[in-house]
2 protein chains.
Amino acid sequence: MTLDELDRIALQFRLLGEPLRLKILEAVCDRPRAVNDIVAAVGATQANASKHLSLMAAAGLLSREKRGQSVYYGLKNPLILRVCALMHAQLKG
Amino acid sequence: MTLDELDRIALQFRLLGEPLRLKILEAVCDRPRAVNDIVAAVGATQANASKHLSLMAAAGLLSREKRGQSVYYGLKNPLILRVCALMHAQLKG
DNA sequence: CCAGTATATCATGTTATAATCATATGTCCA
DNA sequence: TGGACATATGATTATAACATGATATACTGG
């Protein structure tokens with residue numbers, strides 16, 4: 001495993017290391033949703049949620065699509081849900 | 001998913017969000033190893049490695065066993081390797 | 001064009017986490 | 001017991017990350 005690879009993997013893990021971001025994942029896990037909607041679902045400030053969404057999209061975790069005056073964020077790769085589920089399971093084992 | 005659960009999952013992810021700690025996991029993935037040995041394998045300061053090892057053990061990621069004048073750290077639950085492998089795969093997909 | 005709604009960004013204060021150096025603790029053996 | 005080796009801890013500094021409030025940009029309907 002190269003150093004660069006480790007760095008990128010670590011970065012991905014760090015992205016998941018924030019409760020608010022996990023909540024966001026939960027919010028968009030079955031369908032893309034507008035920022036507005038996500039903000040309400042996770043109970044965060046618009047500015048704060050927006051920042052996390054940008055970050056996650058930039059990291060390739062979320063997809064971003066502008067439709068009308070809203071922006072829809074969705075899961076880029078459902079595999080990330082398995083990662084979360086595995087980690088959840090690991091906590092109990 | 002309760003808030004407390006999210007917090008704990010996030011904490012676990014944050015633990016994996018450090019390249020040095022991933023290296024440590026790699027170093028002990030097939031057998032427990034002494035701190036001394038791990039330090040050499042990952043190329044870190046003794047103090048720094050020790051701190052990370054303590055942290056990971058406290059979080060339930062690693063097992064800790066004192067044998068003679070050495071302390072052996074090993075994987076507590078091999079499931080964590082699957083989490084890492086999945087994340088690695090996710091990066092490419 | 002204007003008002004309103006939706007989203008993003010910027011500046012700032014604060015907290016959290018990591019690396020380092022020095023030092024302490026503990027264990028073994030001569 | 002003293003000295004060498006292995007590990008842990010404490011204090012300090014540096015850096016990264018988050019939350020917030022204010023503001024900017026973009027789109028839409030009237």
# chains A, B, ... in the order shown; residues from 1 in each chain; ligands from 1

call {"tool": "residues_around", "arguments": {"residues": "DA11 in chain D", "least_positions_apart": "3", "cutoff": "12 Å", "atoms": "only C-alpha atoms (C1' of nucleotides)", "output": "ChimeraX atom specification"}}
result
/C:20-23

call {"tool": "residues_around", "arguments": {"residues": "Leu61 in chain A", "least_positions_apart": "6", "cutoff": "12 Å", "atoms": "only C-alpha atoms (C1' of nucleotides)", "output": "PyMOL selection string"}}
result
(chain A and resi 11-13+15-16+21-22+24-25+28-29+52-55+73-81) or (chain B and resi 87+90-93)

call {"tool": "write_last_selection", "arguments": {"atoms": "N, CA and C atoms", "output": "tab-separated table (two decimals), in the first residue's frame"}}
result
chain	number	residue	atom	x	y	z
A	11	LEU	N	-8.23	10.06	4.26
A	11	LEU	CA	-9.08	11.23	4.00
A	11	LEU	C	-10.55	10.83	3.92
A	12	GLN	N	-10.81	9.74	3.23
A	12	GLN	CA	-12.19	9.26	3.12
A	12	GLN	C	-12.75	8.93	4.50
A	13	PHE	N	-11.94	8.26	5.30
A	13	PHE	CA	-12.40	7.91	6.65
A	13	PHE	C	-12.68	9.16	7.47
A	15	LEU	N	-13.69	11.89	6.41
A	15	LEU	CA	-14.95	12.45	5.95
A	15	LEU	C	-16.12	11.80	6.68
A	16	LEU	N	-15.99	10.51	6.95
A	16	LEU	CA	-17.07	9.80	7.65
A	16	LEU	C	-16.99	10.01	9.16
A	21	ARG	N	-22.08	14.58	9.05
A	21	ARG	CA	-21.93	14.04	7.69
A	21	ARG	C	-22.57	12.66	7.58
A	22	LEU	N	-22.50	11.89	8.65
A	22	LEU	CA	-23.17	10.59	8.64
A	22	LEU	C	-24.68	10.79	8.52
A	24	ILE	N	-26.09	13.25	7.08
A	24	ILE	CA	-26.35	13.66	5.70
A	24	ILE	C	-26.43	12.43	4.80
A	25	LEU	N	-25.49	11.52	5.00
A	25	LEU	CA	-25.51	10.28	4.21
A	25	LEU	C	-26.84	9.57	4.41
A	28	VAL	N	-29.67	11.11	2.43
A	28	VAL	CA	-29.71	10.97	0.96
A	28	VAL	C	-29.53	9.53	0.50
A	29	CYS	N	-29.64	8.61	1.46
A	29	CYS	CA	-29.25	7.23	1.14
A	29	CYS	C	-30.14	6.57	0.10
A	52	HIS	N	-20.49	21.17	4.36
A	52	HIS	CA	-20.26	19.73	4.42
A	52	HIS	C	-20.64	19.07	3.09
A	53	LEU	N	-21.73	19.54	2.50
A	53	LEU	CA	-22.15	18.97	1.22
A	53	LEU	C	-21.11	19.22	0.14
A	54	SER	N	-20.60	20.43	0.09
A	54	SER	CA	-19.56	20.74	-0.90
A	54	SER	C	-18.36	19.83	-0.71
A	55	LEU	N	-17.97	19.70	0.53
A	55	LEU	CA	-16.81	18.88	0.87
A	55	LEU	C	-17.00	17.44	0.41
A	73	TYR	N	-28.35	16.82	-3.94
A	73	TYR	CA	-27.21	15.98	-3.61
A	73	TYR	C	-27.68	14.54	-3.42
A	74	GLY	N	-26.89	13.62	-3.93
A	74	GLY	CA	-27.24	12.20	-3.78
A	74	GLY	C	-25.99	11.37	-3.58
A	75	LEU	N	-26.20	10.11	-3.29
A	75	LEU	CA	-25.06	9.20	-3.11
A	75	LEU	C	-24.36	8.99	-4.44
A	76	LYS	N	-23.05	9.08	-4.42
A	76	LYS	CA	-22.30	8.83	-5.65
A	76	LYS	C	-22.08	7.33	-5.81
A	77	ASN	N	-21.80	6.69	-4.70
A	77	ASN	CA	-21.51	5.26	-4.74
A	77	ASN	C	-22.09	4.57	-3.51
A	78	PRO	N	-23.11	3.75	-3.71
A	78	PRO	CA	-23.81	3.12	-2.57
A	78	PRO	C	-22.90	2.24	-1.73
A	79	LEU	N	-21.74	1.93	-2.25
A	79	LEU	CA	-20.80	1.09	-1.51
A	79	LEU	C	-20.46	1.72	-0.15
A	80	ILE	N	-20.54	3.04	-0.10
A	80	ILE	CA	-20.18	3.72	1.14
A	80	ILE	C	-21.15	3.34	2.26
A	81	LEU	N	-22.36	2.97	1.87
A	81	LEU	CA	-23.33	2.55	2.87
A	81	LEU	C	-22.90	1.23	3.51
B	87	MET	N	-13.40	0.33	1.86
B	87	MET	CA	-13.14	1.74	1.58
B	87	MET	C	-12.14	1.88	0.45
B	90	GLN	N	-13.92	1.24	-2.66
B	90	GLN	CA	-14.84	2.35	-2.96
B	90	GLN	C	-14.11	3.50	-3.64
B	91	LEU	N	-12.87	3.70	-3.28
B	91	LEU	CA	-12.07	4.79	-3.84
B	91	LEU	C	-11.93	4.66	-5.36
B	92	LYS	N	-11.87	3.43	-5.82
B	92	LYS	CA	-11.64	3.22	-7.24
B	92	LYS	C	-12.95	3.23	-8.03
B	93	GLY	N	-14.00	2.70	-7.39
B	93	GLY	CA	-15.28	2.55	-8.09
B	93	GLY	C	-15.80	3.90	-8.52

call {"tool": "atom_distance", "arguments": {"atom1": "CA of Gly43 in chain B", "atom2": "CA of Glu18 in chain B"}}
result
14.3 Å

call {"tool": "select_by_dssp", "arguments": {"residues": "chain A", "states": "strand (DSSP E)", "output": "VMD selection string"}}
result
chain A and resid 33 to 34 62 to 67 70 to 75

call {"tool": "write_last_selection", "arguments": {"atoms": "N, CA and C atoms", "output": "PDB file, in the first residue's frame"}}
result
ATOM      1  N   ARG A  33     -31.610  14.581  -2.661  1.00  0.00           N
ATOM      2  CA  ARG A  33     -32.489  15.560  -2.019  1.00  0.00           C
ATOM      3  C   ARG A  33     -31.890  16.955  -2.125  1.00  0.00           C
ATOM      4  N   ALA A  34     -32.767  17.944  -2.079  1.00  0.00           N
ATOM      5  CA  ALA A  34     -32.335  19.338  -2.160  1.00  0.00           C
ATOM      6  C   ALA A  34     -31.701  19.769  -0.847  1.00  0.00           C
ATOM      7  N   LEU A  62     -20.526  12.365  -2.759  1.00  0.00           N
ATOM      8  CA  LEU A  62     -21.878  12.736  -3.165  1.00  0.00           C
ATOM      9  C   LEU A  62     -21.891  13.253  -4.596  1.00  0.00           C
ATOM     10  N   SER A  63     -23.023  13.082  -5.237  1.00  0.00           N
ATOM     11  CA  SER A  63     -23.224  13.684  -6.553  1.00  0.00           C
ATOM     12  C   SER A  63     -23.989  14.987  -6.360  1.00  0.00           C
ATOM     13  N   ARG A  64     -23.793  15.895  -7.303  1.00  0.00           N
ATOM     14  CA  ARG A  64     -24.406  17.206  -7.183  1.00  0.00           C
ATOM     15  C   ARG A  64     -25.080  17.564  -8.479  1.00  0.00           C
ATOM     16  N   GLU A  65     -26.352  17.917  -8.421  1.00  0.00           N
ATOM     17  CA  GLU A  65     -27.067  18.287  -9.635  1.00  0.00           C
ATOM     18  C   GLU A  65     -27.971  19.477  -9.381  1.00  0.00           C
ATOM     19  N   LYS A  66     -27.792  20.490 -10.192  1.00  0.00           N
ATOM     20  CA  LYS A  66     -28.602  21.692 -10.050  1.00  0.00           C
ATOM     21  C   LYS A  66     -29.863  21.523 -10.874  1.00  0.00           C
ATOM     22  N   ARG A  67     -31.000  21.714 -10.239  1.00  0.00           N
ATOM     23  CA  ARG A  67     -32.264  21.575 -10.954  1.00  0.00           C
ATOM     24  C   ARG A  67     -33.150  22.734 -10.538  1.00  0.00           C
ATOM     25  N   SER A  70     -32.913  24.810  -7.097  1.00  0.00           N
ATOM     26  CA  SER A  70     -32.415  23.936  -6.032  1.00  0.00           C
ATOM     27  C   SER A  70     -31.226  23.118  -6.504  1.00  0.00           C
ATOM     28  N   VAL A  71     -30.464  22.653  -5.554  1.00  0.00           N
ATOM     29  CA  VAL A  71     -29.344  21.755  -5.862  1.00  0.00           C
ATOM     30  C   VAL A  71     -29.602  20.437  -5.160  1.00  0.00           C
ATOM     31  N   TYR A  72     -29.532  19.378  -5.918  1.00  0.00           N
ATOM     32  CA  TYR A  72     -29.801  18.057  -5.364  1.00  0.00           C
ATOM     33  C   TYR A  72     -28.504  17.296  -5.128  1.00  0.00           C
ATOM     34  N   TYR A  73     -28.351  16.816  -3.936  1.00  0.00           N
ATOM     35  CA  TYR A  73     -27.208  15.976  -3.611  1.00  0.00           C
ATOM     36  C   TYR A  73     -27.681  14.542  -3.418  1.00  0.00           C
ATOM     37  N   GLY A  74     -26.892  13.616  -3.927  1.00  0.00           N
ATOM     38  CA  GLY A  74     -27.242  12.202  -3.779  1.00  0.00           C
ATOM     39  C   GLY A  74     -25.989  11.372  -3.579  1.00  0.00           C
ATOM     40  N   LEU A  75     -26.199  10.106  -3.288  1.00  0.00           N
ATOM     41  CA  LEU A  75     -25.061   9.205  -3.110  1.00  0.00           C
ATOM     42  C   LEU A  75     -24.357   8.989  -4.442  1.00  0.00           C
TER      43      LEU A  75
END

call {"tool": "interface_residues", "arguments": {"of": "chain A", "to": "chain D", "cutoff": "8 Å", "atoms": "only C-alpha atoms (C1' of nucleotides)", "output": "list of chain:residue names"}}
result
A:Asn48, A:Gly68, A:Gln69

call {"tool": "write_last_selection", "arguments": {"atoms": "C-alpha atoms", "output": "compact mmCIF listing (two decimals), in the first residue's frame"}}
result
# COMPACT_ATOMS: atom_id res chain seq x y z
CA ASN A 48 -22.86 24.55 7.80
CA GLY A 68 -34.21 24.81 -11.13
CA GLN A 69 -33.28 26.93 -8.15

call {"tool": "calpha_fit_and_write", "arguments": {"fixed": "chain A", "moving": "chain B", "output": "tab-separated table (two decimals) with N, CA and C atoms, in the first residue's frame"}}
result
chain	number	residue	atom	x	y	z
B	1	MET	N	0.88	-1.24	0.09
B	1	MET	CA	0.01	-0.04	0.06
B	1	MET	C	0.88	1.23	0.05
B	2	THR	N	0.76	2.03	-0.98
B	2	THR	CA	1.61	3.22	-1.07
B	2	THR	C	1.15	4.29	-0.08
B	3	LEU	N	2.05	5.22	0.21
B	3	LEU	CA	1.75	6.30	1.14
B	3	LEU	C	0.60	7.15	0.62
B	4	ASP	N	0.64	7.39	-0.66
B	4	ASP	CA	-0.40	8.22	-1.28
B	4	ASP	C	-1.77	7.55	-1.13
B	5	GLU	N	-1.79	6.26	-1.31
B	5	GLU	CA	-3.04	5.51	-1.17
B	5	GLU	C	-3.55	5.61	0.26
B	6	LEU	N	-2.65	5.42	1.20
B	6	LEU	CA	-3.02	5.52	2.62
B	6	LEU	C	-3.61	6.89	2.92
B	7	ASP	N	-2.98	7.91	2.38
B	7	ASP	CA	-3.47	9.27	2.61
B	7	ASP	C	-4.88	9.44	2.09
B	8	ARG	N	-5.12	8.90	0.91
B	8	ARG	CA	-6.45	9.06	0.32
B	8	ARG	C	-7.50	8.27	1.08
B	9	ILE	N	-7.13	7.08	1.52
B	9	ILE	CA	-8.07	6.28	2.30
B	9	ILE	C	-8.36	6.97	3.63
B	10	ALA	N	-7.32	7.47	4.24
B	10	ALA	CA	-7.49	8.17	5.53
B	10	ALA	C	-8.42	9.37	5.34
B	11	LEU	N	-8.23	10.07	4.25
B	11	LEU	CA	-9.08	11.24	3.98
B	11	LEU	C	-10.55	10.84	3.90
B	12	GLN	N	-10.79	9.74	3.21
B	12	GLN	CA	-12.18	9.26	3.10
B	12	GLN	C	-12.74	8.92	4.48
B	13	PHE	N	-11.93	8.27	5.27
B	13	PHE	CA	-12.39	7.91	6.61
B	13	PHE	C	-12.66	9.16	7.44
B	14	ARG	N	-11.82	10.16	7.27
B	14	ARG	CA	-12.03	11.39	8.04
B	14	ARG	C	-13.35	12.05	7.64
B	15	LEU	N	-13.70	11.89	6.37
B	15	LEU	CA	-14.97	12.45	5.92
B	15	LEU	C	-16.14	11.80	6.65
B	16	LEU	N	-15.99	10.52	6.94
B	16	LEU	CA	-17.06	9.80	7.63
B	16	LEU	C	-16.98	9.99	9.14
B	17	GLY	N	-15.96	10.68	9.58
B	17	GLY	CA	-15.73	10.80	11.01
B	17	GLY	C	-16.42	12.00	11.64
B	18	GLU	N	-17.53	12.38	11.08
B	18	GLU	CA	-18.28	13.54	11.59
B	18	GLU	C	-19.76	13.17	11.63
B	19	PRO	N	-20.35	13.19	12.81
B	19	PRO	CA	-21.74	12.76	12.95
B	19	PRO	C	-22.67	13.47	11.98
B	20	LEU	N	-22.46	14.76	11.79
B	20	LEU	CA	-23.34	15.51	10.89
B	20	LEU	C	-23.27	14.97	9.47
B	21	ARG	N	-22.07	14.58	9.06
B	21	ARG	CA	-21.94	14.05	7.70
B	21	ARG	C	-22.57	12.67	7.59
B	22	LEU	N	-22.49	11.90	8.65
B	22	LEU	CA	-23.16	10.60	8.64
B	22	LEU	C	-24.67	10.80	8.52
B	23	LYS	N	-25.16	11.79	9.24
B	23	LYS	CA	-26.58	12.11	9.16
B	23	LYS	C	-26.96	12.50	7.73
B	24	ILE	N	-26.09	13.26	7.10
B	24	ILE	CA	-26.34	13.67	5.72
B	24	ILE	C	-26.41	12.44	4.82
B	25	LEU	N	-25.48	11.54	5.00
B	25	LEU	CA	-25.50	10.29	4.22
B	25	LEU	C	-26.82	9.56	4.42
B	26	GLU	N	-27.24	9.50	5.66
B	26	GLU	CA	-28.50	8.84	6.00
B	26	GLU	C	-29.66	9.53	5.26
B	27	ALA	N	-29.56	10.84	5.19
B	27	ALA	CA	-30.66	11.62	4.60
B	27	ALA	C	-30.78	11.39	3.10
B	28	VAL	N	-29.67	11.12	2.44
B	28	VAL	CA	-29.71	10.98	0.98
B	28	VAL	C	-29.53	9.53	0.53
B	29	CYS	N	-29.62	8.62	1.47
B	29	CYS	CA	-29.24	7.24	1.15
B	29	CYS	C	-30.15	6.59	0.11
B	30	ASP	N	-31.41	7.01	0.03
B	30	ASP	CA	-32.27	6.32	-0.93
B	30	ASP	C	-32.69	7.17	-2.12
B	31	ARG	N	-32.43	8.47	-2.04
B	31	ARG	CA	-32.76	9.35	-3.16
B	31	ARG	C	-32.02	10.67	-2.99
B	32	PRO	N	-31.74	11.34	-4.11
B	32	PRO	CA	-31.14	12.68	-4.02
B	32	PRO	C	-32.14	13.64	-3.38
B	33	ARG	N	-31.62	14.59	-2.65
B	33	ARG	CA	-32.49	15.56	-2.01
B	33	ARG	C	-31.90	16.95	-2.11
B	34	ALA	N	-32.77	17.96	-2.06
B	34	ALA	CA	-32.34	19.35	-2.14
B	34	ALA	C	-31.71	19.77	-0.82
B	35	VAL	N	-30.81	20.72	-0.90
B	35	VAL	CA	-30.10	21.23	0.28
B	35	VAL	C	-31.09	21.63	1.36
B	36	ASN	N	-32.05	22.40	0.94
B	36	ASN	CA	-33.13	22.83	1.81
B	36	ASN	C	-33.67	21.69	2.67
B	37	ASP	N	-33.99	20.64	1.97
B	37	ASP	CA	-34.58	19.45	2.55
B	37	ASP	C	-33.60	18.77	3.52
B	38	ILE	N	-32.38	18.68	3.08
B	38	ILE	CA	-31.34	18.03	3.90
B	38	ILE	C	-31.12	18.82	5.18
B	39	VAL	N	-31.07	20.13	5.03
B	39	VAL	CA	-30.88	21.01	6.19
B	39	VAL	C	-31.93	20.71	7.24
B	40	ALA	N	-33.18	20.59	6.78
B	40	ALA	CA	-34.27	20.32	7.71
B	40	ALA	C	-34.12	18.93	8.33
B	41	ALA	N	-33.71	17.97	7.51
B	41	ALA	CA	-33.63	16.60	7.98
B	41	ALA	C	-32.55	16.40	9.05
B	42	VAL	N	-31.43	17.08	8.87
B	42	VAL	CA	-30.32	16.86	9.79
B	42	VAL	C	-30.27	17.88	10.93
B	43	GLY	N	-31.06	18.94	10.79
B	43	GLY	CA	-31.10	19.93	11.86
B	43	GLY	C	-29.81	20.71	12.01
B	44	ALA	N	-29.37	21.30	10.90
B	44	ALA	CA	-28.14	22.09	10.93
B	44	ALA	C	-28.40	23.45	10.31
B	45	THR	N	-27.44	24.33	10.46
B	45	THR	CA	-27.51	25.61	9.78
B	45	THR	C	-27.37	25.40	8.29
B	46	GLN	N	-27.98	26.26	7.51
B	46	GLN	CA	-27.86	26.14	6.05
B	46	GLN	C	-26.40	26.26	5.64
B	47	ALA	N	-25.72	27.23	6.20
B	47	ALA	CA	-24.33	27.46	5.82
B	47	ALA	C	-23.47	26.24	6.14
B	48	ASN	N	-23.69	25.73	7.32
B	48	ASN	CA	-22.88	24.59	7.75
B	48	ASN	C	-23.14	23.36	6.88
B	49	ALA	N	-24.40	23.08	6.65
B	49	ALA	CA	-24.74	21.93	5.82
B	49	ALA	C	-24.16	22.11	4.41
B	50	SER	N	-24.30	23.29	3.89
B	50	SER	CA	-23.79	23.56	2.54
B	50	SER	C	-22.31	23.27	2.45
B	51	LYS	N	-21.59	23.68	3.48
B	51	LYS	CA	-20.16	23.45	3.48
B	51	LYS	C	-19.84	21.97	3.49
B	52	HIS	N	-20.53	21.24	4.33
B	52	HIS	CA	-20.28	19.79	4.39
B	52	HIS	C	-20.65	19.13	3.07
B	53	LEU	N	-21.74	19.56	2.49
B	53	LEU	CA	-22.17	18.98	1.21
B	53	LEU	C	-21.13	19.22	0.12
B	54	SER	N	-20.64	20.45	0.06
B	54	SER	CA	-19.61	20.76	-0.93
B	54	SER	C	-18.40	19.86	-0.74
B	55	LEU	N	-18.00	19.74	0.51
B	55	LEU	CA	-16.83	18.93	0.83
B	55	LEU	C	-17.02	17.49	0.37
B	56	MET	N	-18.17	16.94	0.72
B	56	MET	CA	-18.43	15.54	0.39
B	56	MET	C	-18.54	15.33	-1.11
B	57	ALA	N	-19.08	16.32	-1.79
B	57	ALA	CA	-19.18	16.21	-3.25
B	57	ALA	C	-17.80	16.30	-3.87
B	58	ALA	N	-16.99	17.22	-3.36
B	58	ALA	CA	-15.64	17.39	-3.89
B	58	ALA	C	-14.82	16.11	-3.69
B	59	ALA	N	-15.11	15.40	-2.61
B	59	ALA	CA	-14.36	14.18	-2.31
B	59	ALA	C	-14.91	12.98	-3.07
B	60	GLY	N	-15.97	13.20	-3.83
B	60	GLY	CA	-16.50	12.10	-4.63
B	60	GLY	C	-17.47	11.22	-3.88
B	61	LEU	N	-17.90	11.69	-2.72
B	61	LEU	CA	-18.82	10.90	-1.91
B	61	LEU	C	-20.25	11.14	-2.35
B	62	LEU	N	-20.52	12.37	-2.77
B	62	LEU	CA	-21.88	12.74	-3.18
B	62	LEU	C	-21.89	13.25	-4.60
B	63	SER	N	-23.03	13.08	-5.25
B	63	SER	CA	-23.24	13.69	-6.56
B	63	SER	C	-23.99	14.99	-6.36
B	64	ARG	N	-23.79	15.90	-7.29
B	64	ARG	CA	-24.41	17.22	-7.17
B	64	ARG	C	-25.09	17.57	-8.47
B	65	GLU	N	-26.35	17.92	-8.41
B	65	GLU	CA	-27.06	18.28	-9.63
B	65	GLU	C	-27.96	19.47	-9.37
B	66	LYS	N	-27.78	20.49	-10.18
B	66	LYS	CA	-28.58	21.69	-10.04
B	66	LYS	C	-29.84	21.52	-10.88
B	67	ARG	N	-30.98	21.71	-10.23
B	67	ARG	CA	-32.24	21.57	-10.94
B	67	ARG	C	-33.10	22.74	-10.53
B	68	GLY	N	-33.38	23.65	-11.49
B	68	GLY	CA	-34.12	24.85	-11.13
B	68	GLY	C	-33.30	25.68	-10.18
B	69	GLN	N	-33.93	26.15	-9.14
B	69	GLN	CA	-33.16	26.95	-8.19
B	69	GLN	C	-32.66	26.12	-7.01
B	70	SER	N	-32.88	24.82	-7.11
B	70	SER	CA	-32.41	23.95	-6.04
B	70	SER	C	-31.21	23.12	-6.50
B	71	VAL	N	-30.46	22.65	-5.56
B	71	VAL	CA	-29.34	21.76	-5.85
B	71	VAL	C	-29.59	20.44	-5.14
B	72	TYR	N	-29.53	19.37	-5.92
B	72	TYR	CA	-29.80	18.05	-5.35
B	72	TYR	C	-28.51	17.29	-5.13
B	73	TYR	N	-28.36	16.82	-3.92
B	73	TYR	CA	-27.21	15.97	-3.60
B	73	TYR	C	-27.68	14.54	-3.40
B	74	GLY	N	-26.92	13.61	-3.92
B	74	GLY	CA	-27.26	12.20	-3.77
B	74	GLY	C	-26.00	11.37	-3.57
B	75	LEU	N	-26.19	10.10	-3.28
B	75	LEU	CA	-25.06	9.20	-3.10
B	75	LEU	C	-24.36	8.98	-4.42
B	76	LYS	N	-23.05	9.07	-4.42
B	76	LYS	CA	-22.31	8.82	-5.63
B	76	LYS	C	-22.10	7.33	-5.80
B	77	ASN	N	-21.80	6.68	-4.70
B	77	ASN	CA	-21.52	5.24	-4.74
B	77	ASN	C	-22.11	4.57	-3.50
B	78	PRO	N	-23.12	3.74	-3.72
B	78	PRO	CA	-23.82	3.12	-2.59
B	78	PRO	C	-22.91	2.23	-1.74
B	79	LEU	N	-21.73	1.93	-2.26
B	79	LEU	CA	-20.80	1.09	-1.52
B	79	LEU	C	-20.47	1.70	-0.16
B	80	ILE	N	-20.55	3.03	-0.12
B	80	ILE	CA	-20.19	3.71	1.13
B	80	ILE	C	-21.15	3.33	2.26
B	81	LEU	N	-22.36	2.97	1.87
B	81	LEU	CA	-23.33	2.54	2.88
B	81	LEU	C	-22.90	1.22	3.52
B	82	ARG	N	-22.29	0.38	2.70
B	82	ARG	CA	-21.80	-0.90	3.22
B	82	ARG	C	-20.66	-0.65	4.20
B	83	VAL	N	-19.84	0.31	3.86
B	83	VAL	CA	-18.74	0.65	4.78
B	83	VAL	C	-19.29	1.06	6.13
B	84	CYS	N	-20.31	1.91	6.09
B	84	CYS	CA	-20.93	2.38	7.34
B	84	CYS	C	-21.58	1.23	8.09
B	85	ALA	N	-22.27	0.37	7.37
B	85	ALA	CA	-22.95	-0.75	8.00
B	85	ALA	C	-21.94	-1.68	8.66
B	86	LEU	N	-20.84	-1.92	7.96
B	86	LEU	CA	-19.80	-2.79	8.51
B	86	LEU	C	-19.23	-2.19	9.79
B	87	MET	N	-18.98	-0.92	9.75
B	87	MET	CA	-18.42	-0.26	10.92
B	87	MET	C	-19.40	-0.34	12.09
B	88	HIS	N	-20.65	-0.17	11.76
B	88	HIS	CA	-21.69	-0.25	12.77
B	88	HIS	C	-21.67	-1.64	13.41
B	89	ALA	N	-21.56	-2.65	12.57
B	89	ALA	CA	-21.53	-4.03	13.06
B	89	ALA	C	-20.28	-4.26	13.90
B	90	GLN	N	-19.19	-3.71	13.45
B	90	GLN	CA	-17.91	-3.89	14.14
B	90	GLN	C	-17.98	-3.35	15.57
B	91	LEU	N	-18.72	-2.30	15.75
B	91	LEU	CA	-18.85	-1.66	17.07
B	91	LEU	C	-19.41	-2.62	18.11
B	92	LYS	N	-20.29	-3.48	17.66
B	92	LYS	CA	-20.95	-4.38	18.60
B	92	LYS	C	-20.14	-5.65	18.83
B	93	GLY	N	-19.48	-6.11	17.76
B	93	GLY	CA	-18.76	-7.38	17.85
B	93	GLY	C	-17.68	-7.31	18.90

call {"tool": "select_by_dssp", "arguments": {"residues": "chain B", "states": "alpha helix (DSSP H)", "output": "PyMOL selection string"}}
result
chain B and resi 3-16+19-27+35-42+46-58+79-92

call {"tool": "interface_residues", "arguments": {"of": "chain C", "to": "chain B", "cutoff": "8 Å", "atoms": "only C-alpha atoms (C1' of nucleotides)", "output": "ChimeraX atom specification"}}
result
/C:19,26-28
